[in-house]
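Chemist: Can you keep this structure in mind? I'll have questions shortly.
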Amino acid sequence: MSPVRTFFPVLFSVVAAIVISGCTQSNQDAFYRSGIIYCSESNPINFNPQLDTSGTTSDASSHQIYGRLLDFNPDTGRIEASLASSWMVSDNGLSYEFQLRKGVAFHTTDYFSPTRTFNADDVIFSIDRWRLPSHPYHNVSGGRYAYFESLGIADNIQEVTRINSYRVRITLINRDSSFLANLATDFSVILSEEYAKQLMEKGIPERIDHYPIGTGPFKFQSYRKDHYIRYKRHEDFWRDVPLSERLIYDITPKSSLRLAKLITGECDAIAFPGQTEVEVIRQRDQLELAEKPGLNIGFWAFNTQKKPFDNPDVRRALAFAIDKNTLLEAVYFDSAVRAKTLLPTASWAHQRDADDTAYNPVLARKLLNDAGVPEGFRMTIWAMPVERAYNPNAAKMAELMQRYLADVGIRAEIVTYDWTTFRRHLREGLHDSVLIGWSADSGDPDNFYRPLLSCGAIPSGTNRAMWCNRKYDQLINAALKTEDIEQRKQIYQQVNSLLYEQLPLVPLAHAFRYQAHNASLSGMTINPYGGINFSGVEKKL
Amino acid sequence: MINALSRYTILFTLTLLVLAVLSFALIYLFPGDPLTNLTGLVPQNDIQREALIRQFKLDQSYPIQFYHYLQQLFLGNWGYSFISGQPLREEIGIAMPATFELSTYAMVMALLIGVPVGCYAGLKSYTVSDYAINTASIFSYSFPVFWLALIFIMLFSLEAGIAPLSGRISLLFEIPNVTGFILIDILLAKNINHGLALIDAARHLVLPTMAIGLISTAAMIRITRRSVIDVMNSPFITAARSRGLSNRQIFMRHILRNALLAILPLMAIQVTTLITNAMIVETLFSWPGIGNWLINAINQRDYPALRIGVLAVSTMVITLTVLIDILNRLIDPSREKFERGTI
């Protein structure tokens, strides 16, 4: 009976406290209004998006904790000033000069108190960290900067020089018309050089990526894996926008549970509502659904370094064996458009009349026979374990494809791991084929072509087809040498026909992006160019 | 009494030892590197690997390894979670009290409702109200707990919107983890509106406690009813009645005490069921307890966490069972002569 004896007093005091405290409706409202709870889908790997291309990591840090030199305007997609108040490009397109904003404060937290505001040293530190292998911080936290590696930007920067405290010049080796766009992506965040120095002196440099300091609207407070991330308002945020006092990420991997929490009001906004759940959200008056054609592509990539997938005819045969339209209907529920190339319709370089594979199992079998792939050949389809806009249900898609492939005498086995392991094994190239995709970080076409299929993107792990083609690399490099949009468009059309010929991956769908939130939140917008952003969002009960 | 206690001690130690051997064996039985399964650390290079192997005595014979393993268990060095990289002792230290708290409230609910209702049914045995109570209790006892929890979520959270469906308290409250019991931690926390926090926590508690508690209450009603009926049929009740004691006196002095004595050992069995149910229910309500934690560990193939988690849960269950059994003996010394220590 001991538990009873111990807990009667507790129970009694609980009841008493509730009665005594007599909380009024108004301070209750004020309390619940003071913070926004966002149900996110997974754990970030760290709090530095330079180190990781996954959307989860950049959602949790890029726009909340950090600022960038430049930003995309969410409506027009144009590049606009951010931490750099203005910039100049030299006539030869090789030298960029940035005038930095003055008086931008870094976060003051339990673990760091800045003595100075943002200046040129922070820009140089942030860029040199990923650019220079000899930089003392380069190898901290693994030393892989997937995004920059996949685009090969580091090798193209000759130097980053300080002109004065608030002026920085970046010199390039080759012309790169997407350079500014890259500086505005989620990954090009500005870290604090002063904080880095302090940590280095204390001998704990890796803390910089786990206890982050930035100039963004929210400062990091605490993180418990599988449970929550807490942020507090950055009082001295340089932009004059309304900020919620607190921001909390409630980590909820199950999409149905996120929806349930949104309905009960436990979350104010949720990440990635499932395509099947969109209708439920639309029917409820107190919920709002925002929808935009996304800058993304879901695809089926073959591991071109494995036999027989190194043979373009085999890849073509497999592409003919599946019916894209059925996959689209069954998995995306009319919330996606069929993909012909890598570029979605929202991109300026989208080619409407590009070639596309059609469903033709007879032709597929014939091609397989010609290539010497026997009936009963076994292969694996890796289905990613998380929902993404570009592929909301990879497992279901894999099952459908299994059926289609069985029709042409191929026995497909579906493989899946937890997300971290999945991506590690992918990078090691253990897969035969994989259902995955890409959400772009800028509207620039180079942001699709280079990370997904260039030779340089194999080691960084974004080239899931492990495909390396000289001609392809030459073409996409040539496209960066010119600022003329028509000329670039033409080059990308050549790239498209090369891809149709080689088919290292089968483009499947460009999905719409959804974001659902409670109607009490005002100021929530979808940012098509990257992660979620809570600055300017307010809760009104 | 001393005899009995030493019997319990030996039994308890031996069982724990067997469990420890089992969990030690898991290091080798789980797929992958034994070093990683033991420590949760992935060596970055051969030098580090060598050092870790030497540190954890993996290069020695199995008995020495086991001895070292036991030592580390006692010292609280339980290794690190493979996935989160946190010390396992810390993680279990947070998760275990959460489960314990939930089970406690469910137990309190079972006692507060189950015992009086069971007594009433027993006193009125074989009348309409007894049949009604009995039917209701059998009916609710036969619900699978996970189904009941889902129905509660559907009815009370999603449809009626009365109670939240996940967690212990709204994340807007920052409650530092001191005792692991949320209600106590709220009272200890500073700089928060205690009333608001308690109401919020209570709303989070209602559904999971009801889901687990309902089944335990049903069981408690039936146990109490049976026991009261048994006591009522014994000769000393007839004797008391013939001495002219009132019904009230008979009930308070004779029936209740004797009936409760018989209930205690059955409660020991209930504790195990209760904790199992709590572990199932907390996964549905995202209650951050040990069951939820273990399920996550299974999903993510976190072998070090699984090994320690299973050991911790079984240790808790055994400890509770033994404690309740000892308590039984303290209250009812007459059992000492006939029974051996049991688990």
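By order of appearance in the structure tokens: chains A, B, ..., then residues from 1 within every chain, and ligands from 1 in the order shown.
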Env of range 314-324 of chain A: 6 Å cut, atoms = only C-alpha atoms, seq-sep filter 6 positions within chain, self excluded. Answer as a PyMOL selection string.
Modeler: chain A and resi 358-361+364+367-368+404
Chemist: Output N, CA and C atoms of each residue in that selection to a file, as a PDB file, in the first residue's frame.
Modeler:
```pdb
ATOM      1  N   ALA A 358       7.858   6.439 -72.028  1.00  0.00           N
ATOM      2  CA  ALA A 358       6.456   6.052 -71.932  1.00  0.00           C
ATOM      3  C   ALA A 358       6.375   4.612 -71.455  1.00  0.00           C
ATOM      4  N   TYR A 359       5.231   4.261 -70.884  1.00  0.00           N
ATOM      5  CA  TYR A 359       5.038   2.904 -70.357  1.00  0.00           C
ATOM      6  C   TYR A 359       4.958   1.909 -71.513  1.00  0.00           C
ATOM      7  N   ASN A 360       5.857   0.966 -71.585  1.00  0.00           N
ATOM      8  CA  ASN A 360       5.874  -0.006 -72.682  1.00  0.00           C
ATOM      9  C   ASN A 360       6.597  -1.271 -72.238  1.00  0.00           C
ATOM     10  N   PRO A 361       5.881  -2.149 -71.526  1.00  0.00           N
ATOM     11  CA  PRO A 361       6.546  -3.334 -70.962  1.00  0.00           C
ATOM     12  C   PRO A 361       7.123  -4.272 -72.028  1.00  0.00           C
ATOM     13  N   ALA A 364      10.321  -2.917 -73.041  1.00  0.00           N
ATOM     14  CA  ALA A 364      11.223  -3.056 -71.896  1.00  0.00           C
ATOM     15  C   ALA A 364      11.832  -4.455 -71.870  1.00  0.00           C
ATOM     16  N   LEU A 367      14.367  -4.909 -74.664  1.00  0.00           N
ATOM     17  CA  LEU A 367      15.639  -4.244 -74.377  1.00  0.00           C
ATOM     18  C   LEU A 367      16.442  -5.039 -73.356  1.00  0.00           C
ATOM     19  N   LEU A 368      15.733  -5.588 -72.365  1.00  0.00           N
ATOM     20  CA  LEU A 368      16.421  -6.364 -71.330  1.00  0.00           C
ATOM     21  C   LEU A 368      17.042  -7.623 -71.941  1.00  0.00           C
ATOM     22  N   TYR A 404       5.203  -3.721 -61.351  1.00  0.00           N
ATOM     23  CA  TYR A 404       5.519  -3.433 -62.753  1.00  0.00           C
ATOM     24  C   TYR A 404       6.755  -4.180 -63.212  1.00  0.00           C
TER      25      TYR A 404
END
```
Chemist: If we count only C-alpha atoms, what is near range 516-532 of chain A at a cut-off of 6 Å, once residues fewer than 6 positions away on the same chain are taken out, given as an MDAnalysis selection string?
Modeler: chainID A and resid 59 74 268:270 286:289 441:442 538:541
Chemist: Kindly save the residues from that selection, with C-alpha atoms included, as an mmCIF file, in the first residue's frame.
Modeler:
```
data_model
loop_
_atom_site.group_PDB
_atom_site.id
_atom_site.type_symbol
_atom_site.label_atom_id
_atom_site.label_comp_id
_atom_site.auth_asym_id
_atom_site.auth_seq_id
_atom_site.Cartn_x
_atom_site.Cartn_y
_atom_site.Cartn_z
ATOM 1 C CA ASP A 59 14.583 23.782 -41.288
ATOM 2 C CA PRO A 74 9.826 34.352 -51.320
ATOM 3 C CA ASP A 268 0.342 25.419 -34.324
ATOM 4 C CA ALA A 269 1.960 24.357 -37.574
ATOM 5 C CA ILE A 270 3.109 21.038 -38.978
ATOM 6 C CA GLN A 286 -9.704 26.411 -37.980
ATOM 7 C CA LEU A 287 -6.867 25.007 -40.109
ATOM 8 C CA GLU A 288 -5.204 26.603 -43.071
ATOM 9 C CA LEU A 289 -3.390 24.914 -45.881
ATOM 10 C CA ASP A 441 17.752 25.601 -52.606
ATOM 11 C CA SER A 442 17.518 28.282 -55.238
ATOM 12 C CA GLU A 538 2.467 35.706 -34.765
ATOM 13 C CA LYS A 539 -0.133 33.797 -32.817
ATOM 14 C CA LYS A 540 -3.496 35.372 -32.115
ATOM 15 C CA LEU A 541 -6.014 33.475 -30.051
#
```
Chemist: Go through A:Glu159, A:Leu132, A:Ser95, A:Leu51 one by one, measure the shortest atom-to-atom distance of each to Arg144 in chain A using only C-alpha atoms, and give the residue with the smallest value.
Modeler: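 When distances to Arg144 in chain A are compared using only C-alpha atoms, the smallest one comes from A:Leu51.
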Chemist: Considering only C-alpha atoms, return as a ChimeraX atom specification whatever protein or nucleic-acid residues lie within 9 Å of range 303-308 of chain A, sequence-local ones (same chain, fewer than 5 positions apart) excluded.
Modeler: /A:314-315,371-373,429-434,464-468,504-505
Chemist: Up to 8 Å from chain A, what residues of chain B turn up? Count only C-alpha atoms and give them as JSON, numbers by chain.
Modeler: {"B": [84, 104, 108, 157, 158, 161, 164, 165, 166, 170, 171, 172, 183, 184, 194, 195, 196, 198, 199, 299, 300]}
Chemist: Could you save the residues just selected, with N, CA and C atoms, as a short mmCIF file (atom, residue, chain, number, x, y, z; two decimals), in the first residue's frame?
Modeler:
```cif
data_model
loop_
_atom_site.label_atom_id
_atom_site.label_comp_id
_atom_site.auth_asym_id
_atom_site.auth_seq_id
_atom_site.Cartn_x
_atom_site.Cartn_y
_atom_site.Cartn_z
N SER B 84 21.54 8.50 -30.17
CA SER B 84 21.56 9.87 -29.68
C SER B 84 22.91 10.24 -29.10
N THR B 104 1.68 4.65 -11.38
CA THR B 104 1.25 4.99 -10.03
C THR B 104 -0.15 5.58 -10.03
N VAL B 108 -3.42 4.19 -8.29
CA VAL B 108 -4.22 4.96 -7.34
C VAL B 108 -5.68 4.95 -7.78
N SER B 157 -9.96 13.22 -27.81
CA SER B 157 -9.02 14.20 -28.35
C SER B 157 -9.49 14.74 -29.69
N LEU B 158 -9.71 13.81 -30.62
CA LEU B 158 -9.97 14.27 -31.99
C LEU B 158 -11.40 14.77 -32.18
N GLY B 161 -12.24 17.07 -28.49
CA GLY B 161 -11.23 18.08 -28.24
C GLY B 161 -11.09 18.46 -26.77
N PRO B 164 -5.62 16.68 -24.65
CA PRO B 164 -4.56 16.54 -25.66
C PRO B 164 -4.16 15.08 -25.81
N LEU B 165 -3.47 14.76 -26.89
CA LEU B 165 -3.22 13.34 -27.13
C LEU B 165 -1.76 12.95 -27.02
N SER B 166 -0.87 13.88 -26.73
CA SER B 166 0.52 13.43 -26.68
C SER B 166 1.32 14.21 -25.65
N SER B 170 2.25 20.67 -22.19
CA SER B 170 2.53 21.48 -23.37
C SER B 170 3.99 21.91 -23.35
N LEU B 171 4.63 21.86 -24.53
CA LEU B 171 6.05 22.18 -24.57
C LEU B 171 6.33 23.64 -24.26
N LEU B 172 5.28 24.43 -24.20
CA LEU B 172 5.48 25.84 -23.87
C LEU B 172 6.00 25.99 -22.44
N LEU B 183 4.26 16.04 -12.03
CA LEU B 183 3.50 16.88 -11.12
C LEU B 183 4.39 17.45 -10.01
N ILE B 184 5.29 16.62 -9.53
CA ILE B 184 6.20 17.09 -8.48
C ILE B 184 7.18 18.09 -9.07
N HIS B 194 2.32 28.04 -11.80
CA HIS B 194 2.12 26.65 -11.36
C HIS B 194 0.72 26.15 -11.64
N GLY B 195 -0.27 26.99 -11.39
CA GLY B 195 -1.64 26.55 -11.58
C GLY B 195 -1.89 26.14 -13.02
N LEU B 196 -1.45 27.03 -13.93
CA LEU B 196 -1.64 26.77 -15.35
C LEU B 196 -0.93 25.48 -15.77
N LEU B 198 -0.08 22.95 -13.86
CA LEU B 198 -0.69 21.75 -13.28
C LEU B 198 -1.94 21.36 -14.04
N ILE B 199 -2.73 22.36 -14.41
CA ILE B 199 -3.94 22.04 -15.18
C ILE B 199 -3.55 21.40 -16.50
N ASN B 299 13.12 0.34 -33.19
CA ASN B 299 12.99 0.86 -34.54
C ASN B 299 14.31 1.31 -35.12
N GLN B 300 15.14 1.88 -34.26
CA GLN B 300 16.39 2.42 -34.78
C GLN B 300 17.55 1.46 -34.59
#
```
Chemist: Between CA of Phe98 in chain A and CA of Leu83 in chain A, measure the distance and give it in Å to one decimal.
Modeler: 9.4 Å
Chemist: Do you know which residues are at most 7 Å from Asn119 in chain A counting only C-alpha atoms, after dropping those on the same chain fewer than 5 positions away, and could you put them as a list in words?
Modeler: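 That gives Leu100, Ser165 and Tyr166 of chain A.
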Chemist: Keeping only N, CA and C atoms, take the residues you just selected and write them out as a PDB file, in the first residue's frame.
Modeler:
```pdb
ATOM      1  N   LEU A 100      28.659  45.288 -45.951  1.00  0.00           N
ATOM      2  CA  LEU A 100      27.942  44.576 -44.885  1.00  0.00           C
ATOM      3  C   LEU A 100      27.097  45.526 -44.048  1.00  0.00           C
ATOM      4  N   SER A 165      36.290  46.696 -42.239  1.00  0.00           N
ATOM      5  CA  SER A 165      35.447  45.929 -41.324  1.00  0.00           C
ATOM      6  C   SER A 165      34.095  45.577 -41.917  1.00  0.00           C
ATOM      7  N   TYR A 166      33.612  46.395 -42.811  1.00  0.00           N
ATOM      8  CA  TYR A 166      32.276  46.146 -43.332  1.00  0.00           C
ATOM      9  C   TYR A 166      32.281  45.999 -44.852  1.00  0.00           C
TER      10      TYR A 166
END
```
